$ cat entry-v1.cif   # mmCIF, N, CA and C atoms
data_work
#
loop_
_atom_site.label_atom_id
_atom_site.label_comp_id
_atom_site.auth_asym_id
_atom_site.auth_seq_id
_atom_site.Cartn_x
_atom_site.Cartn_y
_atom_site.Cartn_z
N MET A 56 0.83 -1.19 0.00
CA MET A 56 0.00 0.00 0.00
C MET A 56 0.87 1.25 0.00
N LYS A 57 0.41 2.25 -0.73
CA LYS A 57 1.14 3.49 -0.81
C LYS A 57 1.14 4.19 0.55
N GLY A 58 2.30 4.71 0.95
CA GLY A 58 2.39 5.45 2.19
C GLY A 58 2.66 4.58 3.41
N MET A 59 2.65 3.29 3.24
CA MET A 59 2.89 2.39 4.38
C MET A 59 4.39 2.37 4.70
N VAL A 60 4.71 2.40 5.95
CA VAL A 60 6.09 2.30 6.41
C VAL A 60 6.22 0.99 7.15
N ASN A 61 7.28 0.24 6.86
CA ASN A 61 7.41 -1.04 7.55
C ASN A 61 8.04 -0.86 8.93
N VAL A 62 7.90 -1.86 9.75
CA VAL A 62 8.35 -1.82 11.14
C VAL A 62 9.84 -1.56 11.24
N ASN A 63 10.62 -2.15 10.35
CA ASN A 63 12.07 -1.94 10.40
C ASN A 63 12.43 -0.49 10.12
N ASP A 64 11.67 0.15 9.22
CA ASP A 64 11.91 1.57 8.95
C ASP A 64 11.61 2.40 10.19
N ILE A 65 10.53 2.09 10.87
CA ILE A 65 10.15 2.83 12.08
C ILE A 65 11.22 2.66 13.15
N LYS A 66 11.67 1.43 13.35
CA LYS A 66 12.73 1.18 14.34
C LYS A 66 13.98 1.99 14.01
N ALA A 67 14.34 2.02 12.73
CA ALA A 67 15.53 2.74 12.30
C ALA A 67 15.37 4.25 12.50
N ILE A 68 14.19 4.77 12.16
CA ILE A 68 13.92 6.21 12.33
C ILE A 68 14.03 6.58 13.80
N ILE A 69 13.36 5.82 14.66
CA ILE A 69 13.38 6.11 16.10
C ILE A 69 14.81 6.03 16.63
N SER A 70 15.52 5.00 16.25
CA SER A 70 16.90 4.81 16.70
C SER A 70 17.77 6.00 16.32
N GLU A 71 17.71 6.40 15.06
CA GLU A 71 18.53 7.52 14.58
C GLU A 71 18.16 8.83 15.25
N ARG A 72 16.87 9.05 15.43
CA ARG A 72 16.43 10.31 16.06
C ARG A 72 16.88 10.37 17.51
N ILE A 73 16.77 9.26 18.22
CA ILE A 73 17.21 9.25 19.63
C ILE A 73 18.71 9.50 19.70
N LYS A 74 19.47 8.82 18.86
CA LYS A 74 20.94 9.02 18.86
C LYS A 74 21.29 10.47 18.55
N GLN A 75 20.60 11.03 17.55
CA GLN A 75 20.84 12.42 17.15
C GLN A 75 20.57 13.37 18.32
N ARG A 76 19.45 13.15 18.98
CA ARG A 76 19.07 14.05 20.07
C ARG A 76 19.96 13.87 21.30
N LEU A 77 20.33 12.64 21.59
CA LEU A 77 21.25 12.40 22.70
C LEU A 77 22.55 13.17 22.47
N LYS A 78 23.05 13.10 21.24
CA LYS A 78 24.28 13.81 20.90
C LYS A 78 24.11 15.31 21.06
N GLN A 79 22.98 15.85 20.56
CA GLN A 79 22.73 17.29 20.65
C GLN A 79 22.68 17.76 22.10
N LEU A 80 22.11 16.92 22.96
CA LEU A 80 21.95 17.29 24.38
C LEU A 80 23.13 16.85 25.24
N ASN A 81 24.11 16.22 24.58
CA ASN A 81 25.29 15.70 25.30
C ASN A 81 24.88 14.72 26.40
N LEU A 82 23.94 13.84 26.06
CA LEU A 82 23.46 12.82 26.99
C LEU A 82 23.93 11.44 26.53
N LYS A 83 23.91 10.51 27.43
CA LYS A 83 24.26 9.11 27.14
C LYS A 83 23.02 8.24 27.37
N GLN A 84 23.09 7.00 26.90
CA GLN A 84 21.99 6.06 27.14
C GLN A 84 21.73 5.92 28.64
N LYS A 85 22.79 5.97 29.42
CA LYS A 85 22.68 5.88 30.87
C LYS A 85 21.74 6.95 31.42
N ASP A 86 21.81 8.16 30.84
CA ASP A 86 20.93 9.25 31.26
C ASP A 86 19.47 8.93 30.94
N LEU A 87 19.24 8.33 29.76
CA LEU A 87 17.88 7.92 29.41
C LEU A 87 17.36 6.88 30.39
N VAL A 88 18.21 5.94 30.74
CA VAL A 88 17.83 4.90 31.71
C VAL A 88 17.41 5.55 33.02
N GLU A 89 18.26 6.43 33.53
CA GLU A 89 18.00 7.07 34.82
C GLU A 89 16.76 7.97 34.79
N GLN A 90 16.61 8.75 33.72
CA GLN A 90 15.53 9.74 33.68
C GLN A 90 14.19 9.17 33.24
N THR A 91 14.19 8.01 32.57
CA THR A 91 12.92 7.41 32.16
C THR A 91 12.47 6.32 33.12
N GLY A 92 13.41 5.79 33.91
CA GLY A 92 13.07 4.69 34.81
C GLY A 92 12.99 3.34 34.11
N GLN A 93 13.42 3.29 32.86
CA GLN A 93 13.41 2.03 32.11
C GLN A 93 14.72 1.30 32.34
N SER A 94 14.72 0.01 32.04
CA SER A 94 15.92 -0.78 32.23
C SER A 94 16.97 -0.44 31.18
N LYS A 95 18.22 -0.71 31.52
CA LYS A 95 19.33 -0.49 30.59
C LYS A 95 19.12 -1.31 29.32
N SER A 96 18.65 -2.52 29.48
CA SER A 96 18.41 -3.41 28.35
C SER A 96 17.34 -2.86 27.41
N THR A 97 16.25 -2.37 27.97
CA THR A 97 15.15 -1.82 27.17
C THR A 97 15.63 -0.61 26.37
N ILE A 98 16.30 0.33 27.04
CA ILE A 98 16.79 1.54 26.37
C ILE A 98 17.80 1.16 25.30
N ASN A 99 18.69 0.23 25.61
CA ASN A 99 19.70 -0.21 24.65
C ASN A 99 19.04 -0.77 23.38
N LYS A 100 18.01 -1.59 23.55
CA LYS A 100 17.32 -2.18 22.39
C LYS A 100 16.62 -1.11 21.55
N ILE A 101 16.04 -0.13 22.21
CA ILE A 101 15.36 0.95 21.49
C ILE A 101 16.38 1.80 20.73
N VAL A 102 17.45 2.20 21.42
CA VAL A 102 18.46 3.05 20.81
C VAL A 102 19.17 2.34 19.65
N ASN A 103 19.36 1.05 19.78
CA ASN A 103 20.03 0.29 18.72
C ASN A 103 19.08 -0.19 17.63
N GLY A 104 17.79 0.10 17.78
CA GLY A 104 16.83 -0.23 16.74
C GLY A 104 16.48 -1.70 16.63
N THR A 105 16.63 -2.45 17.72
CA THR A 105 16.29 -3.88 17.68
C THR A 105 14.85 -4.15 18.09
N VAL A 106 14.21 -3.16 18.71
CA VAL A 106 12.79 -3.29 19.05
C VAL A 106 12.07 -2.00 18.69
N THR A 107 10.78 -2.12 18.45
CA THR A 107 9.93 -0.94 18.26
C THR A 107 9.33 -0.61 19.62
N PRO A 108 9.65 0.55 20.16
CA PRO A 108 9.14 0.87 21.49
C PRO A 108 7.64 1.11 21.51
N ARG A 109 7.03 0.70 22.60
CA ARG A 109 5.61 0.98 22.81
C ARG A 109 5.44 2.47 23.08
N VAL A 110 4.24 2.96 22.86
CA VAL A 110 3.97 4.38 23.07
C VAL A 110 4.25 4.78 24.52
N ASP A 111 3.93 3.91 25.47
CA ASP A 111 4.16 4.26 26.87
C ASP A 111 5.66 4.40 27.18
N LEU A 112 6.53 3.88 26.32
CA LEU A 112 7.97 4.10 26.49
C LEU A 112 8.43 5.34 25.73
N LEU A 113 7.74 5.65 24.63
CA LEU A 113 8.12 6.83 23.86
C LEU A 113 7.82 8.13 24.61
N ILE A 114 6.79 8.10 25.44
CA ILE A 114 6.41 9.31 26.17
C ILE A 114 7.55 9.80 27.07
N PRO A 115 8.07 8.96 27.99
CA PRO A 115 9.16 9.47 28.83
C PRO A 115 10.44 9.76 28.04
N ILE A 116 10.69 8.99 26.99
CA ILE A 116 11.87 9.25 26.16
C ILE A 116 11.75 10.61 25.50
N SER A 117 10.58 10.90 24.94
CA SER A 117 10.40 12.18 24.27
C SER A 117 10.52 13.35 25.26
N ARG A 118 10.06 13.14 26.48
CA ARG A 118 10.18 14.20 27.50
C ARG A 118 11.64 14.47 27.85
N VAL A 119 12.40 13.40 28.06
CA VAL A 119 13.82 13.56 28.39
C VAL A 119 14.55 14.26 27.24
N LEU A 120 14.23 13.88 26.02
CA LEU A 120 14.90 14.45 24.85
C LEU A 120 14.31 15.79 24.42
N ASP A 121 13.22 16.20 25.06
CA ASP A 121 12.55 17.46 24.75
C ASP A 121 12.15 17.55 23.28
N VAL A 122 11.51 16.47 22.81
CA VAL A 122 10.97 16.41 21.45
C VAL A 122 9.58 15.79 21.51
N SER A 123 8.83 15.92 20.43
CA SER A 123 7.53 15.28 20.39
C SER A 123 7.68 13.82 19.97
N ILE A 124 6.72 13.01 20.35
CA ILE A 124 6.70 11.63 19.90
C ILE A 124 6.62 11.61 18.38
N ASP A 125 5.86 12.52 17.85
CA ASP A 125 5.71 12.64 16.41
C ASP A 125 7.07 12.80 15.73
N TRP A 126 7.93 13.64 16.28
CA TRP A 126 9.26 13.84 15.70
C TRP A 126 10.07 12.56 15.75
N LEU A 127 9.91 11.81 16.83
CA LEU A 127 10.67 10.57 16.97
C LEU A 127 10.31 9.53 15.92
N VAL A 128 9.05 9.50 15.50
CA VAL A 128 8.60 8.41 14.63
C VAL A 128 8.29 8.84 13.19
N ALA A 129 8.19 10.13 12.92
CA ALA A 129 7.78 10.58 11.59
C ALA A 129 8.93 10.49 10.60
N ASN A 130 8.59 10.19 9.35
CA ASN A 130 9.63 10.19 8.33
C ASN A 130 9.93 11.63 7.90
N GLU A 131 11.02 11.81 7.19
CA GLU A 131 11.50 13.15 6.82
C GLU A 131 10.46 13.97 6.06
N LYS A 132 9.72 13.35 5.14
CA LYS A 132 8.74 14.08 4.35
C LYS A 132 7.64 14.63 5.24
N GLU A 133 7.20 13.83 6.23
CA GLU A 133 6.16 14.30 7.15
C GLU A 133 6.67 15.46 7.99
N VAL A 134 7.89 15.34 8.49
CA VAL A 134 8.49 16.39 9.31
C VAL A 134 8.67 17.66 8.46
N GLU A 135 9.15 17.50 7.24
CA GLU A 135 9.36 18.63 6.34
C GLU A 135 8.03 19.33 6.05
N HIS A 136 6.97 18.55 5.80
CA HIS A 136 5.65 19.12 5.52
C HIS A 136 5.15 19.92 6.71
N ARG A 137 5.29 19.36 7.91
CA ARG A 137 4.83 20.06 9.10
C ARG A 137 5.63 21.34 9.31
N GLY A 138 6.94 21.25 9.03
CA GLY A 138 7.79 22.43 9.17
C GLY A 138 7.34 23.55 8.25
N LYS A 139 6.98 23.20 7.02
CA LYS A 139 6.51 24.20 6.07
C LYS A 139 5.18 24.78 6.52
N MET A 140 4.31 23.93 7.05
CA MET A 140 3.01 24.39 7.52
C MET A 140 3.18 25.36 8.70
N GLU A 141 4.07 25.00 9.63
CA GLU A 141 4.33 25.88 10.76
C GLU A 141 4.91 27.21 10.30
N GLU A 142 5.80 27.15 9.33
CA GLU A 142 6.40 28.36 8.77
C GLU A 142 5.34 29.25 8.14
N GLU A 143 4.39 28.65 7.42
CA GLU A 143 3.29 29.41 6.81
C GLU A 143 2.45 30.10 7.88
N ILE A 144 2.16 29.37 8.95
CA ILE A 144 1.36 29.95 10.05
C ILE A 144 2.10 31.14 10.65
N ILE A 145 3.38 30.99 10.89
CA ILE A 145 4.18 32.07 11.46
C ILE A 145 4.19 33.28 10.53
N ASN A 146 4.37 33.03 9.24
CA ASN A 146 4.36 34.14 8.27
C ASN A 146 3.02 34.86 8.25
N MET A 147 1.93 34.10 8.34
CA MET A 147 0.61 34.73 8.38
C MET A 147 0.45 35.57 9.64
N LEU A 148 0.94 35.07 10.77
CA LEU A 148 0.83 35.82 12.02
C LEU A 148 1.63 37.11 11.98
N ARG A 149 2.75 37.09 11.29
CA ARG A 149 3.58 38.30 11.19
C ARG A 149 2.84 39.44 10.48
N GLN A 150 1.86 39.10 9.68
CA GLN A 150 1.12 40.11 8.92
C GLN A 150 -0.07 40.67 9.70
N VAL A 151 -0.32 40.11 10.87
CA VAL A 151 -1.48 40.54 11.68
C VAL A 151 -1.01 41.56 12.71
N ASP A 152 -1.85 42.60 12.96
CA ASP A 152 -1.46 43.59 13.96
C ASP A 152 -1.51 42.97 15.36
N GLU A 153 -0.82 43.60 16.29
CA GLU A 153 -0.61 43.06 17.63
C GLU A 153 -1.92 42.80 18.38
N LYS A 154 -2.89 43.69 18.25
CA LYS A 154 -4.15 43.51 18.95
C LYS A 154 -4.86 42.24 18.49
N LYS A 155 -4.84 41.99 17.20
CA LYS A 155 -5.48 40.79 16.66
C LYS A 155 -4.71 39.52 17.05
N LYS A 156 -3.41 39.64 17.23
CA LYS A 156 -2.60 38.48 17.66
C LYS A 156 -3.06 37.98 19.03
N VAL A 157 -3.46 38.89 19.88
CA VAL A 157 -3.95 38.51 21.21
C VAL A 157 -5.21 37.66 21.07
N TYR A 158 -6.12 38.09 20.20
CA TYR A 158 -7.34 37.31 19.96
C TYR A 158 -7.01 35.93 19.39
N ILE A 159 -6.08 35.90 18.45
CA ILE A 159 -5.68 34.63 17.85
C ILE A 159 -5.08 33.71 18.91
N TYR A 160 -4.26 34.28 19.77
CA TYR A 160 -3.62 33.50 20.84
C TYR A 160 -4.67 32.83 21.71
N PHE A 161 -5.66 33.60 22.16
CA PHE A 161 -6.70 33.03 23.02
C PHE A 161 -7.59 32.04 22.28
N LEU A 162 -7.81 32.28 21.02
CA LEU A 162 -8.58 31.34 20.20
C LEU A 162 -7.85 30.00 20.08
N VAL A 163 -6.55 30.06 19.85
CA VAL A 163 -5.75 28.84 19.76
C VAL A 163 -5.75 28.11 21.10
N LEU A 164 -5.60 28.84 22.19
CA LEU A 164 -5.65 28.21 23.52
C LEU A 164 -6.98 27.50 23.73
N TYR A 165 -8.06 28.16 23.34
CA TYR A 165 -9.40 27.58 23.48
C TYR A 165 -9.53 26.29 22.68
N ILE A 166 -9.05 26.33 21.46
CA ILE A 166 -9.09 25.13 20.61
C ILE A 166 -8.28 23.99 21.23
N LEU A 167 -7.11 24.30 21.74
CA LEU A 167 -6.28 23.27 22.37
C LEU A 167 -6.95 22.66 23.59
N VAL A 168 -7.64 23.50 24.37
CA VAL A 168 -8.38 22.98 25.53
C VAL A 168 -9.48 22.04 25.05
N LEU A 169 -10.20 22.43 24.01
CA LEU A 169 -11.26 21.57 23.47
C LEU A 169 -10.70 20.24 22.98
N ILE A 170 -9.60 20.29 22.28
CA ILE A 170 -8.97 19.07 21.78
C ILE A 170 -8.55 18.16 22.92
N ASN A 171 -7.93 18.74 23.93
CA ASN A 171 -7.47 17.95 25.08
C ASN A 171 -8.62 17.36 25.86
N ASP A 172 -9.73 18.11 25.97
CA ASP A 172 -10.91 17.60 26.67
C ASP A 172 -11.51 16.40 25.94
N LYS A 173 -11.49 16.42 24.62
CA LYS A 173 -12.04 15.31 23.83
C LYS A 173 -11.18 14.06 23.96
N LYS A 174 -9.89 14.24 24.24
CA LYS A 174 -8.99 13.09 24.39
C LYS A 174 -9.24 12.34 25.71
N LYS A 175 -9.82 13.04 26.67
CA LYS A 175 -10.04 12.43 27.99
C LYS A 175 -11.19 11.49 28.02
#

$ encode --input "entry-v1.cif" --output "structure tokens"
Amino acid sequence: MKGMVNVNDIKAIISERIKQRLKQLNLKQKDLVEQTGQSKSTINKIVNGTVTPRVDLLIPISRVLDVSIDWLVANEKEVEHRGKMEEEIINMLRQVDEKKKVYIYFLVLYILVLINDKKK
């Protein structure tokens, strides 16, 4: 099927992203173990791409690495598309006067609250 990503690709993407972020933050796998509360073996398997981590493991990992779960698992095209979309939103906001930006800010907050309430 078009657009399908296989499990090995996902494991590789997650592995590379974690390694990249660890390097950027000057952290070691040991730090992930300590800060996530996961075993050394579990973190090692995730970082080396031998297992696909469950979502409940991605949450603490993403928090330690200060990234979204989406960033950890998304392929480059998805990340690039989102980056362009965010850039468009920012460019549109730059064209709005300051008073209207306040309204937009509160509108976005309201929408986020609604979205989060529906998830519960």

$ residues_around --input "entry-v1.cif" --residues "Pro108 in chain A" --least-positions-apart "6" --cutoff "8 Å" --atoms "only N, CA and C atoms" --output "PyMOL selection string"
chain A and resi 65-66+69+100-101

$ closest_residue --input "entry-v1.cif" --among "A:Val119, A:Ile98, A:Val106, A:Leu80" --to "Ala67 in chain A" --atoms "all atoms listed in the file"
A:Val106

$ closest_residue --input "entry-v1.cif" --among "A:Val151, A:Ile114, A:Asp125, A:Val157" --to "Thr91 in chain A" --atoms "only C-alpha atoms"
A:Ile114

$ atom_distance --input "entry-v1.cif" --atom1 "atom C of Leu112 in chain A" --atom2 "CA of Ala129 in chain A"
15.1 Å

$ closest_residue --input "entry-v1.cif" --among "A:Leu77, A:Gln150, A:Asn171, A:Glu141" --to "Leu120 in chain A" --atoms "all atoms listed in the file"
A:Leu77

$ atom_distance --input "entry-v1.cif" --atom1 "atom N of Leu167 in chain A" --atom2 "atom C of Glu142 in chain A"
19.1 Å

$ closest_residue --input "entry-v1.cif" --among "A:Asp121, A:Asp64, A:Val163, A:Asn103" --to "Arg76 in chain A" --atoms "only N, CA and C atoms"
A:Asp121

$ atom_distance --input "entry-v1.cif" --atom1 "atom C of Ile68 in chain A" --atom2 "atom C of Leu127 in chain A"
5.2 Å

$ closest_residue --input "entry-v1.cif" --among "A:Met140, A:Tyr160, A:Gln90, A:Lys95" --to "Arg118 in chain A" --atoms "only N, CA and C atoms"
A:Gln90

$ select_by_dssp --input "entry-v1.cif" --residues "chain A" --states "helix (DSSP H, G or I)" --output "ChimeraX atom specification"
/A:62-80,84-91,95-102,110-120,124-128,131-149,153-174

$ axis_aligned_box --input "entry-v1.cif" --around "range 160-174 of chain A" --padding-each-side "5 Å" --output "AutoDock Vina command-line options"
--center_x -7.8 --center_y 23.3 --center_z 23.2 --size_x 18.4 --size_y 31.9 --size_z 16.9

$ closest_residue --input "entry-v1.cif" --among "A:Leu87, A:Val102, A:Val128, A:Val168" --to "Lys74 in chain A" --atoms "only N, CA and C atoms"
A:Val102

$ decode --input "entry-v1.cif" --residues "range 110-133 of chain A" --atoms "N, CA and C atoms" --output "PDB file, in the first residue's frame"
ATOM      1  N   VAL A 110       4.242   2.960  22.864  1.00  0.00           N
ATOM      2  CA  VAL A 110       3.965   4.382  23.069  1.00  0.00           C
ATOM      3  C   VAL A 110       4.250   4.780  24.515  1.00  0.00           C
ATOM      4  N   ASP A 111       3.928   3.908  25.470  1.00  0.00           N
ATOM      5  CA  ASP A 111       4.165   4.265  26.869  1.00  0.00           C
ATOM      6  C   ASP A 111       5.656   4.402  27.184  1.00  0.00           C
ATOM      7  N   LEU A 112       6.528   3.884  26.319  1.00  0.00           N
ATOM      8  CA  LEU A 112       7.967   4.095  26.486  1.00  0.00           C
ATOM      9  C   LEU A 112       8.425   5.341  25.729  1.00  0.00           C
ATOM     10  N   LEU A 113       7.743   5.653  24.633  1.00  0.00           N
ATOM     11  CA  LEU A 113       8.121   6.832  23.857  1.00  0.00           C
ATOM     12  C   LEU A 113       7.816   8.129  24.607  1.00  0.00           C
ATOM     13  N   ILE A 114       6.793   8.098  25.440  1.00  0.00           N
ATOM     14  CA  ILE A 114       6.414   9.315  26.170  1.00  0.00           C
ATOM     15  C   ILE A 114       7.549   9.803  27.070  1.00  0.00           C
ATOM     16  N   PRO A 115       8.067   8.963  27.986  1.00  0.00           N
ATOM     17  CA  PRO A 115       9.161   9.471  28.826  1.00  0.00           C
ATOM     18  C   PRO A 115      10.442   9.762  28.036  1.00  0.00           C
ATOM     19  N   ILE A 116      10.687   8.990  26.987  1.00  0.00           N
ATOM     20  CA  ILE A 116      11.874   9.248  26.163  1.00  0.00           C
ATOM     21  C   ILE A 116      11.753  10.613  25.501  1.00  0.00           C
ATOM     22  N   SER A 117      10.585  10.898  24.937  1.00  0.00           N
ATOM     23  CA  SER A 117      10.403  12.185  24.267  1.00  0.00           C
ATOM     24  C   SER A 117      10.520  13.346  25.255  1.00  0.00           C
ATOM     25  N   ARG A 118      10.064  13.141  26.483  1.00  0.00           N
ATOM     26  CA  ARG A 118      10.177  14.197  27.499  1.00  0.00           C
ATOM     27  C   ARG A 118      11.635  14.467  27.848  1.00  0.00           C
ATOM     28  N   VAL A 119      12.405  13.404  28.056  1.00  0.00           N
ATOM     29  CA  VAL A 119      13.822  13.564  28.388  1.00  0.00           C
ATOM     30  C   VAL A 119      14.554  14.259  27.242  1.00  0.00           C
ATOM     31  N   LEU A 120      14.225  13.884  26.020  1.00  0.00           N
ATOM     32  CA  LEU A 120      14.905  14.448  24.853  1.00  0.00           C
ATOM     33  C   LEU A 120      14.315  15.785  24.415  1.00  0.00           C
ATOM     34  N   ASP A 121      13.220  16.197  25.058  1.00  0.00           N
ATOM     35  CA  ASP A 121      12.549  17.458  24.754  1.00  0.00           C
ATOM     36  C   ASP A 121      12.145  17.549  23.280  1.00  0.00           C
ATOM     37  N   VAL A 122      11.507  16.472  22.814  1.00  0.00           N
ATOM     38  CA  VAL A 122      10.970  16.413  21.448  1.00  0.00           C
ATOM     39  C   VAL A 122       9.579  15.795  21.515  1.00  0.00           C
ATOM     40  N   SER A 123       8.834  15.917  20.434  1.00  0.00           N
ATOM     41  CA  SER A 123       7.527  15.278  20.387  1.00  0.00           C
ATOM     42  C   SER A 123       7.677  13.816  19.969  1.00  0.00           C
ATOM     43  N   ILE A 124       6.723  13.012  20.355  1.00  0.00           N
ATOM     44  CA  ILE A 124       6.704  11.625  19.896  1.00  0.00           C
ATOM     45  C   ILE A 124       6.619  11.607  18.376  1.00  0.00           C
ATOM     46  N   ASP A 125       5.858  12.521  17.853  1.00  0.00           N
ATOM     47  CA  ASP A 125       5.705  12.644  16.411  1.00  0.00           C
ATOM     48  C   ASP A 125       7.068  12.798  15.731  1.00  0.00           C
ATOM     49  N   TRP A 126       7.926  13.638  16.276  1.00  0.00           N
ATOM     50  CA  TRP A 126       9.255  13.845  15.701  1.00  0.00           C
ATOM     51  C   TRP A 126      10.075  12.563  15.752  1.00  0.00           C
ATOM     52  N   LEU A 127       9.905  11.810  16.831  1.00  0.00           N
ATOM     53  CA  LEU A 127      10.668  10.567  16.972  1.00  0.00           C
ATOM     54  C   LEU A 127      10.307   9.526  15.921  1.00  0.00           C
ATOM     55  N   VAL A 128       9.046   9.501  15.505  1.00  0.00           N
ATOM     56  CA  VAL A 128       8.595   8.412  14.629  1.00  0.00           C
ATOM     57  C   VAL A 128       8.294   8.835  13.194  1.00  0.00           C
ATOM     58  N   ALA A 129       8.194  10.127  12.920  1.00  0.00           N
ATOM     59  CA  ALA A 129       7.784  10.578  11.587  1.00  0.00           C
ATOM     60  C   ALA A 129       8.933  10.495  10.597  1.00  0.00           C
ATOM     61  N   ASN A 130       8.591  10.193   9.346  1.00  0.00           N
ATOM     62  CA  ASN A 130       9.633  10.188   8.328  1.00  0.00           C
ATOM     63  C   ASN A 130       9.932  11.626   7.902  1.00  0.00           C
ATOM     64  N   GLU A 131      11.023  11.809   7.186  1.00  0.00           N
ATOM     65  CA  GLU A 131      11.496  13.148   6.820  1.00  0.00           C
ATOM     66  C   GLU A 131      10.458  13.969   6.062  1.00  0.00           C
ATOM     67  N   LYS A 132       9.723  13.348   5.141  1.00  0.00           N
ATOM     68  CA  LYS A 132       8.741  14.083   4.354  1.00  0.00           C
ATOM     69  C   LYS A 132       7.639  14.633   5.244  1.00  0.00           C
ATOM     70  N   GLU A 133       7.196  13.830   6.233  1.00  0.00           N
ATOM     71  CA  GLU A 133       6.158  14.301   7.152  1.00  0.00           C
ATOM     72  C   GLU A 133       6.669  15.459   7.989  1.00  0.00           C
TER      73      GLU A 133
END
